[in-house]
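Read the structure below first, then the notes.
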Amino acid sequence: MSSELSESVVPPPAGASESTSGPSRRTFIANSAAVGGVVVAGGTLLVGSEEAAAAGAAPSSRVSLTVNGTRRTVTVDNRTSLLDLLREHLDLTGSKKGCNAGACGACTVLVDGQRVNACLMLAVRLEGAEVTTIEGLAEGDELHPLQQAFIGEDAFQCGYCTPGQILSGVGCIQEGHTGSPEEIGEWMSGNICRCGCYVKIVRAVEQTAGRK
């Protein structure tokens, strides 16, 4: 029997591998993150309350404009589009949010008589402007001639694009681009109808322009 004592293997105490003369690696990382007002907990980035408050305070401005004949003054985030101003602040939901990128024309309104894509215009840039939406075309119970023509020609199916189509048609008529069905189609090409009612839409615009 051997007289040598076997050497037992004992795991080192926790933290023994780290130097006690300075902060541990884990402590250093935590302290460095906290200095910037950020703490990482469970893989989630937590921002300090001061930084969060600063990030949430988006700049805003007051803007006054005339919408459908009524002067309106609102305070909005500077990033608010005309479309969101109309829908979310003024409760004028006739103007539709389709692509929200200026490609479908569903949000078309008139600004100072010119047709525009409301989703592409910042509300704060329209101080003093006059805006006409689909809600402002009719006079009481009397529909605008183009609205009536859309009904007469059955120029819609689902109706989602119809407000933008009508406002674009009004603008097209005012601009004088109604010399032929082809000209109307060209100048209204920015307004998309997923239901494919283009022939009837052009016919309604042509009919209305012929009455003027």
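By order in the structure tokens, chains are A, B, ...; within a chain, residues start at 1; ligands start at 1, following the order shown.
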Counting only C-alpha atoms, which residues of segment 52-139 of chain A sit at most 8 Å from some atom of segment 175-193 of chain A, and what is each one's closest atom pair with its distance in Å to one decimal, listed by chain and rising residue number, as a Markdown table?
```
| residue | atom | partner | partner_atom | distance |
| --- | --- | --- | --- | --- |
| A:Ala103 | CA | A:Gly190 | CA | 6.8 |
| A:Cys104 | CA | A:Ile192 | CA | 5.2 |
| A:Gly105 | CA | A:Asn191 | CA | 4.4 |
| A:Ala106 | CA | A:Asn191 | CA | 6.7 |
```
Next, write the just-selected residues to a file, as a tab-separated table (two decimals), in the first residue's frame, keeping N, CA and C atoms as the atom set.
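Result went into out.tsv, see below:
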```
chain	number	residue	atom	x	y	z
A	103	ALA	N	-47.62	56.91	-53.48
A	103	ALA	CA	-47.65	56.11	-54.70
A	103	ALA	C	-49.04	55.70	-55.15
A	104	CYS	N	-50.07	55.87	-54.30
A	104	CYS	CA	-51.39	55.35	-54.68
A	104	CYS	C	-52.44	56.43	-54.88
A	105	GLY	N	-52.26	57.61	-54.29
A	105	GLY	CA	-53.20	58.71	-54.49
A	105	GLY	C	-54.45	58.67	-53.64
A	106	ALA	N	-54.58	57.68	-52.75
A	106	ALA	CA	-55.79	57.56	-51.94
A	106	ALA	C	-55.97	58.75	-51.00
```
> When DSSP works through the backbone of this structure, what residues of segment 81-179 of chain A end up as strand (DSSP E), shown as a count of residues only?
Replying inline: 11
Would you give me, as JSON lines, each residue of segment 133-155 of chain A having an atom within 9 Å of an atom of segment 80-98 of chain A, along with its shortest atom pair and that distance in Å to one decimal, using only C-alpha atoms and sorting by chain and residue number?
```
{"residue": "A:Thr133", "atom": "CA", "partner": "A:Ser95", "partner_atom": "CA", "distance": 6.8}
{"residue": "A:Ile134", "atom": "CA", "partner": "A:Gly94", "partner_atom": "CA", "distance": 6.1}
{"residue": "A:Glu135", "atom": "CA", "partner": "A:Gly94", "partner_atom": "CA", "distance": 6.6}
```
Take the selection from the previous step and output its residues with C-alpha atoms, as a short mmCIF file (atom, residue, chain, number, x, y, z; two decimals), in the first residue's frame.
```cif
data_model
loop_
_atom_site.label_atom_id
_atom_site.label_comp_id
_atom_site.auth_asym_id
_atom_site.auth_seq_id
_atom_site.Cartn_x
_atom_site.Cartn_y
_atom_site.Cartn_z
CA THR A 133 -60.96 67.35 -48.47
CA ILE A 134 -63.74 65.11 -49.72
CA GLU A 135 -65.87 66.27 -46.78
#
```
> What does the distance from atom CA of Val74 of chain A to atom CA of Glu130 of chain A come to in Å, to one decimal?
Replying inline: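 Between these atoms lies a distance of 14.6 Å.
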> Can you list, as a ChimeraX atom specification, every protein, DNA or RNA residue that comes within 8 Å of segment 152-154 of chain A when you count only C-alpha atoms, leaving out same-chain residues fewer than 4 positions away?
Replying inline: /A:148,200-201,203-204
